[in-house]
Structure formats: structure tokens, C-alpha cells
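Just below is one structure, and these are the notes that go with it.
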Amino acid sequence: MLELRQELNASDQVRHSIEEVLAVGRTAWQHYLFFRSKLHGVCVALDGDLQSCEADEGLYHEALVHPAMLAHPAPKRVLIMGGGEGATLREVLRHPTVTEVVMVDLDEEFVGLCKRLIPDWAEGAWDDPRLELRHEDIVRYLEHTPGGFDVVVGDLIDASEASSPAAELYGPAFYRKLTAALAPGAVLATQAGPLTPAQIAGHRRVRTALGSVFGRAVSYGMNVPSFYSLWGFVLAGAPDLIPGGYAEHRALFELRAHERGLELAHTGPEALAAAFALPRSLRAALQEGT
């Protein structure tokens, strides 16, 4: 039986059994593997790390996108950094207030593979006239964009290790550059690696960087079964835009989801709000070294 062996951390490894290889190869930027799993359906891996699986990608992408979109009172212009599978774009475009989405993903070949191999994940989003799709380095794009984005969603590859090639895209220098592209009252959300007490440094580094640039940065997590971990995200923006506790998150998410006619079939406003109620051990670990 073919399998993908993934190093989860310094001590743990997981083996993903492969029923069928749909595509494997290397673009100019990264190694890719599209395969079918008996449990998780079609899965996508980049450079040996699982990125998304059909069975639970909705949990990840709804958790990534909707807290930021619902925190903003009327998001019109949205910037997606990465997101090659098209599912992040799908979720952003569910909001009827959106008039324009700029998606910047460096790897044109990978995006093309996603369009061909997993078209259903985007649910027609690739053909939406509100989309401007760009294949260039996000840092270079920020140097010439007119800006004015209400929401930014970071769906870049994980950078839990400071030595990762993508680490600079999660640092304070990058976030300071990003602020020039934002409209007043903008909100940002990014994936930020696994959330476990023993493996918290990468997530804490991202949250600290965002907190040094934005007025408020809060962590939240969603259980994504195929990731074998509580997966971490960070929501950042002005303090008056980011709710305080669970009750405030739930009330805001329920109100705006209802106003916009959003079903949120995989999570729902209650689960999105609960994602911000992290266990005490995690909250304590996040405070260490800050």
C-alpha cells in the first residue's frame, strides 16, 4: 500500500494510506501530491505536508475565513494570500457584501492543478467576476497595490518553524508592509499552525507579530481531524472590531451570519465562537515568553 509519511513534530509521525495517486510532481516552487484516502477522500500535500482533505476542508476553511469576515461590518474588498485550492476563495465569496477579491498565489501551476483535479472545492468561485487572480510574490504585489482592503486572509503554507522559507511572511516586518494596503478598520485572519502546549512557539510567534502591528490579536483553534491536531488561527484588527469573550463572539457571528444569509454548514456561529475559548493550558502556554 502506498503511503505518505508526514513528520508532525520533533517526535511524532503519521502515515496516510494512499488508495490512488491522482497527480504527483514538482512545480517551480514546491512538490505536490494529490491522492485519494479511504477515510478523508481527495487530499492535497505540498512538500510532504498535508494541506487539505475533502472530508474536513470545510472545517478548516470556514474557521479561517468567517471570523474575520463576520467581524467586519461590511467587507467589500478582500485580499487572499495563498489559497491555491480555491476553497478560501469560495468562503469569502459567500458574503454578499464582497465586491472584489484579489487572490495572490505565487504558484500558477499548482493553482492550475487544483482547478483541474479538485474543481468542486471552489464551487464555481474561479469563474466569479469579482475575482482578480494574480500569480506573483505577495511582497512584490504589496509594493504596487493601491490597497484599500477591508479583510485580509492568510492561507499560506505553515511556518511553525522559524527556519521555514515562509517564516518572513508571518513576521512583523511583513505585517507592517501589509498595513499600507489596508482600509481603515480592516481585519486580518491567518492560519497559524498547530495549537498544542508542547508545540506552541510557532503560533505564539505569529500572534506576537500581529499584536505588535495591529491593535488586537487573538488566537483561536478548530479541530481538523485529518491534521491530527487542534489547528490554530489568529484574528487581528482594531480592539473595537474584535469581540471579547465567547458570548460577544457568538452574538456578533449569529447576527451577521443571519443578515448575510450564511449557512456555515461545517461549523456554524456557535462553533466559530467556541473556537476562541481555548483550554487553560493553551492560554498559559501562549502567555509564556510574551
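Chain labels run A, B, ... following the order of the C-alpha cells; each chain numbers its residues from 1, and ligands are numbered from 1 in the order shown.
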Quick one: which segment 201-235 of chain A residues come within 12 Å of segment 249-254 of chain A, and what is the nearest atom pair for each with the distance in Å to one decimal, counting only C-alpha atoms, rows ordered by chain and ascending number, as JSON lines?
```
{"residue": "A:Val218", "atom": "CA", "partner": "A:His249", "partner_atom": "CA", "distance": 11.9}
{"residue": "A:Tyr220", "atom": "CA", "partner": "A:His249", "partner_atom": "CA", "distance": 11.5}
{"residue": "A:Leu235", "atom": "CA", "partner": "A:His249", "partner_atom": "CA", "distance": 12.0}
```
Selected residues, N, CA and C atoms, written as a PDB file, in the first residue's frame, please.
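Contents of again-v1.pdb, as written:
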```pdb
ATOM      1  N   VAL A 218      -5.913  37.891  18.589  1.00  0.00           N
ATOM      2  CA  VAL A 218      -6.402  36.816  19.457  1.00  0.00           C
ATOM      3  C   VAL A 218      -6.272  35.478  18.736  1.00  0.00           C
ATOM      4  N   TYR A 220      -7.352  31.443  18.117  1.00  0.00           N
ATOM      5  CA  TYR A 220      -8.482  30.526  18.188  1.00  0.00           C
ATOM      6  C   TYR A 220      -8.102  29.234  17.479  1.00  0.00           C
ATOM      7  N   LEU A 235      -6.773  36.090  14.715  1.00  0.00           N
ATOM      8  CA  LEU A 235      -7.636  37.167  14.221  1.00  0.00           C
ATOM      9  C   LEU A 235      -7.081  38.480  14.754  1.00  0.00           C
TER      10      LEU A 235
END
```
TODO: Please identify all polymer residues within 10 Å of Leu4 of chain A, counting only C-alpha atoms, omitting same-chain residues fewer than 4 positions from it, and present them as a list of chain:residue names.
DONE: A:Val14, A:Arg15, A:His16, A:Ser17, A:Ile18, A:Leu33, A:Phe35, A:Ala45, A:Gly48, A:Asp49, A:Leu50
TODO: For each of A:Ala181, A:Leu93, A:Ala71, A:Leu106, take the minimum atom-to-atom distance to Thr27 of chain A, counting only C-alpha atoms, then give the residue where this is smallest.
DONE: A:Leu106
Residues within 10 Å of Pro96 of chain A, only C-alpha atoms, excluding chain neighbours under 6 positions, as a CSV table (one decimal) with C-alpha atoms, in the first residue's frame:
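And here's part_17.csv as it stands now:
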```
chain,number,residue,atom,x,y,z
A,74,ALA,CA,-19.3,45.3,5.6
A,75,PRO,CA,-16.3,43.8,3.9
A,76,LYS,CA,-16.1,44.8,0.3
A,259,GLU,CA,-28.0,39.3,8.0
A,260,ARG,CA,-25.9,37.9,5.1
A,261,GLY,CA,-27.8,34.7,4.7
A,262,LEU,CA,-24.8,32.5,5.6
```
- [ ] List every residue of segment 142-253 of chain A that DSSP, applied to the backbone of this structure, assigns to helix (DSSP H, G or I), and report them as a PyMOL selection string.
- [x] chain A and resi 142-144+167-170+172-179+197-199+201-213+225-227+246-253
Open item on the list: Env of Ala189 of chain A: 12 Å cut, atoms = only C-alpha atoms, seq-sep filter 6 positions within chain, self excluded. Answer as a ChimeraX atom specification.
Closed with: /A:61-72,78-81,88,92,150-156,170,175,206-207,210,214,216-220,232-237,242
Task: Which residue of A:Tyr228, A:Ala180, A:Gly245, A:His203 approaches Glu143 of chain A most closely, using only C-alpha atoms - done: A:Ala180
